[in-house]
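Structure file run.cif; described as mmCIF, C-alpha atoms (C1' of nucleotides).
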data_structure
loop_
_atom_site.label_atom_id
_atom_site.label_comp_id
_atom_site.auth_asym_id
_atom_site.auth_seq_id
_atom_site.Cartn_x
_atom_site.Cartn_y
_atom_site.Cartn_z
CA MET A 1 11.50 -12.90 8.78
CA LYS A 2 10.17 -9.46 8.08
CA LYS A 3 11.48 -7.59 5.08
CA SER A 4 12.81 -4.85 7.33
CA ASP A 5 15.00 -7.34 9.19
CA GLN A 6 17.11 -7.93 6.14
CA ALA A 7 17.57 -4.38 5.00
CA SER A 8 20.83 -4.99 3.23
CA PHE A 9 20.05 -2.04 0.96
CA LEU A 10 20.26 0.47 3.81
CA PRO A 11 23.98 1.14 3.34
CA VAL A 12 23.27 1.95 -0.31
CA VAL A 13 20.61 4.45 0.65
CA ARG A 14 22.86 6.07 3.20
CA GLU A 15 25.79 6.15 0.83
CA LEU A 16 23.71 7.61 -1.98
CA SER A 17 22.55 10.44 0.27
CA ARG A 18 26.04 11.16 1.54
CA THR A 19 27.49 11.06 -1.92
CA TYR A 20 24.91 13.40 -3.31
CA GLN A 21 25.36 15.76 -0.38
CA ALA A 22 29.10 15.78 -0.97
CA PHE A 23 28.56 16.47 -4.66
CA GLU A 24 26.01 19.18 -3.92
CA GLN A 25 28.34 20.88 -1.47
CA PHE A 26 31.24 20.71 -3.85
CA ALA A 27 29.27 21.96 -6.86
CA SER A 28 27.36 24.69 -5.08
CA TYR A 29 30.56 26.03 -3.55
CA ASN A 30 31.48 27.13 -7.05
CA ILE A 31 27.98 28.00 -8.27
CA ARG A 32 27.34 30.43 -5.44
CA ARG A 33 30.45 32.34 -6.39
CA LEU A 34 28.58 33.25 -9.57
CA GLY A 35 25.77 34.70 -7.48
CA LEU A 36 23.49 31.86 -8.54
CA THR A 37 21.64 29.15 -6.67
CA PRO A 38 21.83 25.56 -7.93
CA PRO A 39 18.32 25.66 -9.45
CA GLN A 40 19.15 28.96 -11.14
CA PHE A 41 22.37 27.51 -12.52
CA ASP A 42 20.44 24.51 -13.76
CA VAL A 43 18.11 26.80 -15.70
CA VAL A 44 20.97 28.85 -17.12
CA THR A 45 22.85 25.79 -18.38
CA THR A 46 19.70 24.28 -19.82
CA LEU A 47 18.95 27.48 -21.70
CA GLY A 48 22.57 27.97 -22.66
CA ASN A 49 22.69 24.64 -24.40
CA SER A 50 19.59 25.51 -26.44
CA GLN A 51 18.09 28.36 -28.40
CA GLY A 52 15.51 28.91 -25.69
CA MET A 53 12.28 27.10 -24.87
CA ASN A 54 8.97 27.58 -23.14
CA CYS A 55 8.33 27.08 -19.43
CA LYS A 56 6.84 23.66 -19.91
CA GLU A 57 9.93 22.31 -21.64
CA LEU A 58 12.19 24.06 -19.17
CA SER A 59 10.26 22.50 -16.32
CA ASP A 60 10.60 19.05 -17.86
CA HIS A 61 14.35 19.45 -18.33
CA THR A 62 15.13 20.82 -14.91
CA LEU A 63 12.49 18.92 -12.93
CA ILE A 64 11.48 22.23 -11.35
CA THR A 65 7.71 22.41 -11.07
CA LYS A 66 5.93 25.21 -12.89
CA GLY A 67 4.93 27.14 -9.80
CA THR A 68 8.51 27.20 -8.55
CA LEU A 69 9.87 27.91 -11.98
CA THR A 70 7.97 31.19 -12.15
CA GLY A 71 9.87 32.39 -9.08
CA VAL A 72 13.23 31.16 -10.31
CA LEU A 73 12.69 32.90 -13.65
CA ASP A 74 11.61 36.10 -11.90
CA ARG A 75 14.89 36.22 -10.02
CA LEU A 76 16.92 35.43 -13.12
CA GLU A 77 15.04 38.12 -15.02
CA ASP A 78 15.75 40.62 -12.24
CA LYS A 79 19.44 39.84 -12.66
CA GLY A 80 19.17 40.42 -16.39
CA ILE A 81 20.13 36.85 -17.21
CA VAL A 82 16.99 35.60 -18.91
CA VAL A 83 14.18 37.23 -20.82
CA ARG A 84 10.59 36.13 -21.32
CA SER A 85 8.67 36.79 -24.50
CA MET A 86 5.33 35.85 -25.97
CA GLN A 87 4.94 33.24 -28.66
CA PRO A 88 2.67 34.23 -31.55
CA ASN A 89 1.74 30.65 -32.43
CA ASP A 90 0.52 29.69 -28.96
CA ARG A 91 -0.29 32.69 -26.85
CA ARG A 92 -0.56 30.68 -23.66
CA SER A 93 3.08 29.81 -23.94
CA VAL A 94 6.03 31.91 -22.74
CA PHE A 95 9.35 31.69 -24.52
CA VAL A 96 12.35 31.87 -22.23
CA ALA A 97 15.90 32.56 -23.42
CA LEU A 98 19.19 33.91 -22.16
CA THR A 99 19.83 37.60 -22.65
CA PRO A 100 23.13 38.61 -24.29
CA TYR A 101 24.47 39.10 -20.77
CA GLY A 102 23.11 35.69 -19.80
CA GLN A 103 24.82 34.13 -22.80
CA GLU A 104 28.06 35.78 -21.90
CA LEU A 105 27.71 34.50 -18.35
CA PHE A 106 26.94 31.04 -19.63
CA SER A 107 29.77 30.87 -22.13
CA GLN A 108 32.21 31.99 -19.48
CA ALA A 109 30.83 30.25 -16.41
CA PHE A 110 29.89 26.90 -17.86
CA PRO A 111 33.37 25.88 -19.08
CA ALA A 112 34.83 27.27 -15.88
CA HIS A 113 32.45 25.17 -13.88
CA LEU A 114 33.41 22.09 -15.87
CA ASP A 115 37.05 22.77 -15.15
CA TYR A 116 36.18 23.12 -11.50
CA MET A 117 34.19 19.88 -11.48
CA HIS A 118 37.03 18.17 -13.23
CA ASN A 119 39.04 18.42 -10.04
CA ALA A 120 36.83 15.80 -8.47
CA PHE A 121 37.30 13.33 -11.30
CA GLN A 122 41.00 13.50 -12.03
CA GLN A 123 41.68 10.15 -10.50
CA PHE A 124 39.06 8.30 -12.53
CA GLY A 125 39.51 6.84 -15.99
CA GLU A 126 36.99 6.30 -18.73
CA GLN A 127 36.21 2.87 -17.45
CA ASP A 128 35.50 4.10 -13.94
CA LEU A 129 33.23 6.78 -15.25
CA SER A 130 31.17 4.50 -17.42
CA GLY A 131 30.97 2.08 -14.51
CA PHE A 132 29.53 4.83 -12.32
CA CYS A 133 27.00 5.70 -14.98
CA ASN A 134 25.85 2.15 -15.30
CA GLU A 135 25.41 1.58 -11.61
CA LEU A 136 23.67 4.90 -11.10
CA GLY A 137 21.42 4.26 -14.07
CA ARG A 138 20.37 0.92 -12.67
CA LEU A 139 19.51 2.51 -9.35
CA ARG A 140 17.61 5.36 -10.94
CA ALA A 141 15.54 3.09 -13.14
CA SER A 142 14.62 1.11 -10.10
CA PHE A 143 13.54 4.14 -8.06
CA SER A 144 11.49 5.54 -10.91
CA GLN A 145 9.80 2.26 -11.49
CA ALA A 146 9.06 1.76 -7.80
CA LEU A 147 7.59 5.25 -7.52
CA GLU A 148 5.34 4.74 -10.51
CA GLN A 149 4.10 1.56 -8.96
CA GLN A 150 3.27 3.39 -5.74
CA GLU A 151 1.50 6.21 -7.48
CA SER A 152 -0.63 3.84 -9.52
CA GLU A 153 -1.73 2.00 -6.42
CA PRO A 154 -4.87 2.96 -4.50
CA ALA A 155 -3.84 5.34 -1.74
CA MET B 1 42.78 21.01 -25.40
CA LYS B 2 40.97 22.63 -22.53
CA LYS B 3 39.84 20.46 -19.67
CA SER B 4 36.23 21.38 -20.37
CA ASP B 5 36.46 19.96 -23.88
CA GLN B 6 36.92 16.47 -22.56
CA ALA B 7 34.26 16.48 -19.91
CA SER B 8 33.68 12.76 -19.92
CA PHE B 9 32.52 12.98 -16.33
CA LEU B 10 29.49 15.07 -17.22
CA PRO B 11 27.23 12.05 -17.72
CA VAL B 12 28.18 10.88 -14.23
CA VAL B 13 27.23 14.21 -12.73
CA ARG B 14 23.94 14.26 -14.57
CA GLU B 15 23.18 10.69 -13.66
CA LEU B 16 24.03 11.22 -10.01
CA SER B 17 21.62 14.16 -9.83
CA ARG B 18 18.85 12.28 -11.59
CA THR B 19 19.35 9.22 -9.46
CA TYR B 20 19.26 11.18 -6.26
CA GLN B 21 16.20 13.06 -7.38
CA ALA B 22 14.46 9.79 -8.18
CA PHE B 23 15.43 8.44 -4.79
CA GLU B 24 14.32 11.59 -3.03
CA GLN B 25 10.97 11.55 -4.79
CA PHE B 26 10.43 7.91 -4.03
CA ALA B 27 11.41 8.18 -0.38
CA SER B 28 9.61 11.42 0.37
CA TYR B 29 6.43 10.11 -1.19
CA ASN B 30 6.24 7.79 1.78
CA ILE B 31 7.71 10.13 4.38
CA ARG B 32 5.17 12.85 3.72
CA ARG B 33 2.37 10.43 4.42
CA LEU B 34 3.64 10.42 7.99
CA GLY B 35 3.23 14.19 8.13
CA LEU B 36 7.00 14.63 8.23
CA THR B 37 9.49 16.35 5.96
CA PRO B 38 12.66 14.49 4.94
CA PRO B 39 14.86 16.43 7.38
CA GLN B 40 12.38 15.76 10.17
CA PHE B 41 12.34 12.08 9.32
CA ASP B 42 16.10 12.07 9.33
CA VAL B 43 16.12 13.46 12.85
CA VAL B 44 13.49 11.00 14.05
CA THR B 45 15.35 7.98 12.73
CA THR B 46 18.65 9.23 14.10
CA LEU B 47 17.12 9.68 17.54
CA GLY B 48 15.17 6.44 17.26
CA ASN B 49 18.31 4.44 16.77
CA SER B 50 19.89 5.98 19.86
CA GLN B 51 19.05 6.88 23.44
CA GLY B 52 19.06 10.56 22.56
CA MET B 53 21.87 13.02 22.07
CA ASN B 54 22.65 16.72 22.16
CA CYS B 55 22.15 19.13 19.27
CA LYS B 56 25.79 19.07 18.30
CA GLU B 57 25.83 15.31 17.82
CA LEU B 58 22.47 15.41 16.07
CA SER B 59 23.77 18.06 13.72
CA ASP B 60 26.84 15.96 12.92
CA HIS B 61 24.75 12.88 12.19
CA THR B 62 22.13 14.56 10.03
CA LEU B 63 24.35 17.20 8.41
CA ILE B 64 21.73 19.78 9.35
CA THR B 65 23.43 22.94 10.54
CA LYS B 66 22.73 24.11 14.06
CA GLY B 67 20.66 27.12 13.09
CA THR B 68 18.38 25.03 10.91
CA LEU B 69 18.25 22.27 13.47
CA THR B 70 16.68 24.58 16.03
CA GLY B 71 13.74 25.13 13.67
CA VAL B 72 13.39 21.47 12.78
CA LEU B 73 13.39 20.54 16.47
CA ASP B 74 10.85 23.26 17.23
CA ARG B 75 8.44 21.76 14.73
CA LEU B 76 9.03 18.23 15.97
CA GLU B 77 8.49 19.40 19.52
CA ASP B 78 5.23 21.08 18.50
CA LYS B 79 4.09 17.75 17.11
CA GLY B 80 4.97 16.05 20.38
CA ILE B 81 7.59 13.86 18.75
CA VAL B 82 10.76 15.03 20.46
CA VAL B 83 11.55 16.63 23.77
CA ARG B 84 14.42 18.86 24.80
CA SER B 85 15.92 18.79 28.27
CA MET B 86 18.86 20.33 30.05
CA GLN B 87 22.01 18.44 30.88
CA PRO B 88 23.31 18.91 34.42
CA ASN B 89 26.92 18.17 33.51
CA ASP B 90 27.16 20.77 30.75
CA ARG B 91 24.50 23.39 31.02
CA ARG B 92 25.19 24.81 27.58
CA SER B 93 24.15 21.51 26.05
CA VAL B 94 20.58 20.46 25.23
CA PHE B 95 19.64 16.81 25.31
CA VAL B 96 17.18 15.77 22.62
CA ALA B 97 15.21 12.54 22.65
CA LEU B 98 12.02 11.03 21.28
CA THR B 99 8.91 11.29 23.44
CA PRO B 100 6.98 8.07 24.08
CA TYR B 101 4.73 9.11 21.19
CA GLY B 102 7.81 9.75 19.06
CA GLN B 103 9.18 6.32 19.94
CA GLU B 104 5.91 4.73 19.01
CA LEU B 105 5.94 6.61 15.72
CA PHE B 106 9.51 5.54 15.11
CA SER B 107 9.01 1.89 15.95
CA GLN B 108 6.01 1.74 13.68
CA ALA B 109 7.12 4.04 10.86
CA PHE B 110 10.74 3.04 10.52
CA PRO B 111 10.20 -0.65 9.70
CA ALA B 112 7.30 0.33 7.46
CA HIS B 113 9.55 2.73 5.63
CA LEU B 114 12.17 0.03 5.20
CA ASP B 115 9.55 -2.29 3.75
CA TYR B 116 8.53 0.50 1.43
CA MET B 117 12.11 1.19 0.37
CA HIS B 118 12.63 -2.49 -0.16
CA ASN B 119 10.34 -2.27 -3.19
CA ALA B 120 13.02 -0.40 -5.05
CA PHE B 121 15.71 -2.99 -4.34
CA GLN B 122 13.95 -6.27 -4.93
CA GLN B 123 15.75 -6.92 -8.16
CA PHE B 124 19.22 -6.45 -6.69
CA GLY B 125 21.28 -9.08 -4.97
CA GLU B 126 23.94 -8.74 -2.29
CA GLN B 127 26.63 -8.40 -4.87
CA ASP B 128 24.84 -5.59 -6.67
CA LEU B 129 24.31 -3.74 -3.43
CA SER B 130 27.88 -3.94 -2.30
CA GLY B 131 28.94 -2.88 -5.79
CA PHE B 132 26.75 0.22 -5.51
CA CYS B 133 28.24 1.04 -2.13
CA ASN B 134 31.76 0.77 -3.41
CA GLU B 135 31.20 2.96 -6.42
CA LEU B 136 29.28 5.54 -4.45
CA GLY B 137 31.92 5.54 -1.77
CA ARG B 138 34.65 6.21 -4.29
CA LEU B 139 32.70 9.12 -5.70
CA ARG B 140 31.94 10.56 -2.30
CA ALA B 141 35.53 10.38 -1.16
CA SER B 142 36.54 12.21 -4.27
CA PHE B 143 34.00 15.02 -3.83
CA SER B 144 34.91 15.49 -0.19
CA GLN B 145 38.56 15.62 -0.97
CA ALA B 146 38.08 18.06 -3.84
CA LEU B 147 35.97 20.35 -1.68
CA GLU B 148 38.54 20.37 1.09
CA GLN B 149 41.15 21.31 -1.44
CA GLN B 150 39.04 24.20 -2.64
CA GLU B 151 38.29 25.48 0.82
CA SER B 152 41.92 25.41 1.80
CA GLU B 153 42.89 27.43 -1.24
CA PRO B 154 43.09 31.21 -1.14
CA ALA B 155 39.75 32.55 -2.39
"C1'" DT C 1 -12.43 20.66 -21.62
"C1'" DA C 2 -7.47 20.69 -21.40
"C1'" DT C 3 -3.21 23.29 -21.22
"C1'" DT C 4 0.14 27.18 -20.09
"C1'" DG C 5 1.71 29.95 -16.97
"C1'" DT C 6 0.92 33.13 -12.96
"C1'" DT C 7 -0.66 34.04 -8.41
"C1'" DA C 8 -1.60 33.10 -3.64
"C1'" DT C 9 -0.70 30.79 0.63
"C1'" DA C 10 1.67 28.86 3.99
"C1'" DC C 11 5.51 26.34 5.26
"C1'" DT C 12 10.20 24.64 5.43
"C1'" DC C 13 14.82 24.90 4.80
"C1'" DT C 14 19.22 27.60 4.03
"C1'" DA C 15 23.05 30.68 5.03
"C1'" DT C 16 24.96 33.97 7.90
"C1'" DA C 17 25.94 36.23 11.80
"C1'" DA C 18 25.02 38.20 16.23
"C1'" DC C 19 23.93 36.90 20.72
"C1'" DT C 20 23.44 34.25 25.49
"C1'" DA C 21 24.99 31.35 28.75
"C1'" DT C 22 27.94 28.60 29.95
"C1'" DA C 23 32.81 26.25 30.11
"C1'" DT D 1 38.58 32.41 24.69
"C1'" DA D 2 35.94 28.70 22.97
"C1'" DT D 3 31.66 26.10 22.73
"C1'" DA D 4 26.45 25.00 22.59
"C1'" DG D 5 22.47 26.49 21.24
"C1'" DT D 6 19.05 30.23 20.12
"C1'" DT D 7 17.60 34.17 17.69
"C1'" DA D 8 17.33 37.30 13.85
"C1'" DT D 9 17.25 38.21 9.07
"C1'" DA D 10 16.60 37.66 4.52
"C1'" DG D 11 16.03 34.71 0.88
"C1'" DA D 12 14.81 30.82 -1.77
"C1'" DG D 13 12.64 26.61 -2.82
"C1'" DT D 14 8.37 23.43 -2.04
"C1'" DA D 15 3.58 21.85 -2.36
"C1'" DT D 16 -0.91 22.85 -3.40
"C1'" DA D 17 -4.56 24.81 -5.42
"C1'" DA D 18 -7.11 28.46 -7.55
"C1'" DC D 19 -7.08 31.32 -11.45
"C1'" DA D 20 -6.90 33.74 -16.23
"C1'" DA D 21 -6.00 33.32 -20.86
"C1'" DT D 22 -5.86 30.52 -24.63
"C1'" DA D 23 -6.35 26.29 -27.33
#
In structure tokens, what does this structure look like?
Amino acid sequence: MKKSDQASFLPVVRELSRTYQAFEQFASYNIRRLGLTPPQFDVVTTLGNSQGMNCKELSDHTLITKGTLTGVLDRLEDKGIVVRSMQPNDRRSVFVALTPYGQELFSQAFPAHLDYMHNAFQQFGEQDLSGFCNELGRLRASFSQALEQQESEPA
Amino acid sequence: MKKSDQASFLPVVRELSRTYQAFEQFASYNIRRLGLTPPQFDVVTTLGNSQGMNCKELSDHTLITKGTLTGVLDRLEDKGIVVRSMQPNDRRSVFVALTPYGQELFSQAFPAHLDYMHNAFQQFGEQDLSGFCNELGRLRASFSQALEQQESEPA
DNA sequence: TATTGTTATACTCTATAACTATA
DNA sequence: TATAGTTATAGAGTATAACAATA
């Protein structure tokens, strides 16, 4: 019997995609009302929960690759939300932080977004939530591991 | 206490995003080797598991909106993978199906992709998998419902 | 030599809405 | 009037690689 004949994991894959799409739709419905795209919002919240960081760290946190990040930051800078500055200690590095306006946006929009997201979780208790986290974590670990295996193999 | 102060669902949201990203990376690593993008692959597998369908049905299955679908189909047609034809019964409708080459691609690539995906699920048993589906399904239902609520509210 | 970030290129997808041809 | 699909527009993210400045 070929492996593909017993693809009992297929429903999981389908369900994961559908669930993420539903989440993405729900979340971005609110995010776009702020005039932001999801990647932009991701950057703003990452910066908002820190004192600022360089592009490399920002890229690691958001999983946005450096080439793309330049464009995202450009657009956020145009909107006056973030500011770039040079670092004296390492002059290759660019320090990125929220502007005062960006901080105001963050401190207003982030709690509001949490309240919004809360609507989707009202029916779940602590136990449900930690159950979700566990299951998702198991899946994620497995995908990461499988990808690493692939990448380390000869093409 | 404000709702946002007790955001115990935040880890779930983060974990769902990370998990999906890990899945997406893992899956697309293989899909791109076929010279396809994930949306294109989605269309190919949807068509491959059917006798063909019109754009409306295809859009419903893949969740790709009609405007985007036109472009995706254009590129698949350029590659000789799908073919569009008119329907005599409803001349507004366009029937989309795999070409013989597209069918060959599908019948070779789809099982291969399942075998590839299988690598990420080896460690899970039937019970794990159905557990994942249940949890994901609960989440999805909740997101869908919450979005509907939002959309029905006065902006 | 390796790293940080920008630039360049070319493509792909997205959202939105106007448009056509049918029904 | 409503529906199916295309077209138009403008933007935004993606992958990739070359590049400049710095370490």
What is the CA of Thr70 in chain B-CA of Leu98 in chain B distance in Å, reported with one decimal?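 About the pair CA of Thr70 in chain B and CA of Leu98 in chain B: they are 15.3 Å apart.
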In Å, with one decimal, what is the gap from CA of Ala97 in chain B to CA of Leu47 in chain B? 6.2 Å
Please identify all polymer residues within 10 Å of Leu76 in chain A, counting only C-alpha atoms (C1' of nucleotides), omitting same-chain residues fewer than 5 positions from it, and present them as a VMD selection string. chain A and resid 36 40 to 41 43 to 44 70 to 71 81 to 83 98 102
Applying the PyMOL selection byres ((chain C) within 8 of (chain B)) to the file I just gave you, which residues come out? Please list them as a list in words.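 For this structure, the PyMOL selection byres ((chain C) within 8 of (chain B)) resolves to DC13, DT14, DA21, DT22 and DA23 of chain C.
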Selected residue of minimal separation from chain A among B:Leu34, B:Ala109, B:Val12, B:Leu63, counting only C-alpha atoms: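 Closest to chain A of all the choices is B:Val12.
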Selection in question (the file shown): the PyMOL selection byres ((chain A) within 8 of (chain B)). Which residues does it include, as a VMD selection string? chain A and resid 3 to 4 7 to 9 11 to 12 15 to 20 22 to 23 25 to 26 111 to 112 114 to 115 118 to 121 126 129 to 130 132 to 133 135 to 137 139 to 140 142 to 147
Any chance you could tabulate, as CSV, the residues of chain D at most 9 Å from chain A with each one's nearest atom pair and distance in Å to one decimal, using all atoms listed in the file, in chain and rising number order?
residue,atom,partner,partner_atom,distance
D:DA12,C1',A:Thr37,CA,8.6
D:DG13,C1',A:Thr68,CA,7.1
D:DT14,C1',A:Thr68,CA,7.5
D:DA21,C1',A:Arg92,CA,6.7
D:DT22,C1',A:Arg92,CA,5.4
D:DA23,C1',A:Asp90,CA,7.8
Would you compute the distance between CA of Gln103 in chain B and CA of Leu58 in chain B? Give it in Å to one decimal. 16.6 Å
Among the residues B:Gln127, B:Thr99, B:Pro38, B:Ser28, the one that comes closest to DT12 in chain C [using only C-alpha atoms (C1' of nucleotides)]: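 Closest to DT12 in chain C of all the choices is B:Pro38.
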Any idea what's packed within 10 Å of range 8-10 of chain C, counting all atoms listed in the file, ignoring anything in its chain fewer than 3 positions away? Could you give it as a ChimeraX atom specification? /D:15-19
Translate the PyMOL selection byres ((chain D and resi 7) around 10) into a concrete residue list for this structure, as a PDB file with C-alpha atoms (C1' of nucleotides), keeping the file's coordinate frame.
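The resulting part.pdb:
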ATOM      1  CA  GLY B  67      20.660  27.120  13.090  1.00  0.00           C
ATOM      2  CA  THR B  70      16.680  24.580  16.030  1.00  0.00           C
TER       3      THR B  70
ATOM      4  C1'  DA C  18      25.020  38.200  16.230  1.00  0.00           C
ATOM      5  C1'  DC C  19      23.930  36.900  20.720  1.00  0.00           C
ATOM      6  C1'  DT C  20      23.440  34.250  25.490  1.00  0.00           C
TER       7       DT C  20
ATOM      8  C1'  DG D   5      22.470  26.490  21.240  1.00  0.00           C
ATOM      9  C1'  DT D   6      19.050  30.230  20.120  1.00  0.00           C
ATOM     10  C1'  DA D   8      17.330  37.300  13.850  1.00  0.00           C
ATOM     11  C1'  DT D   9      17.250  38.210   9.070  1.00  0.00           C
TER      12       DT D   9
END
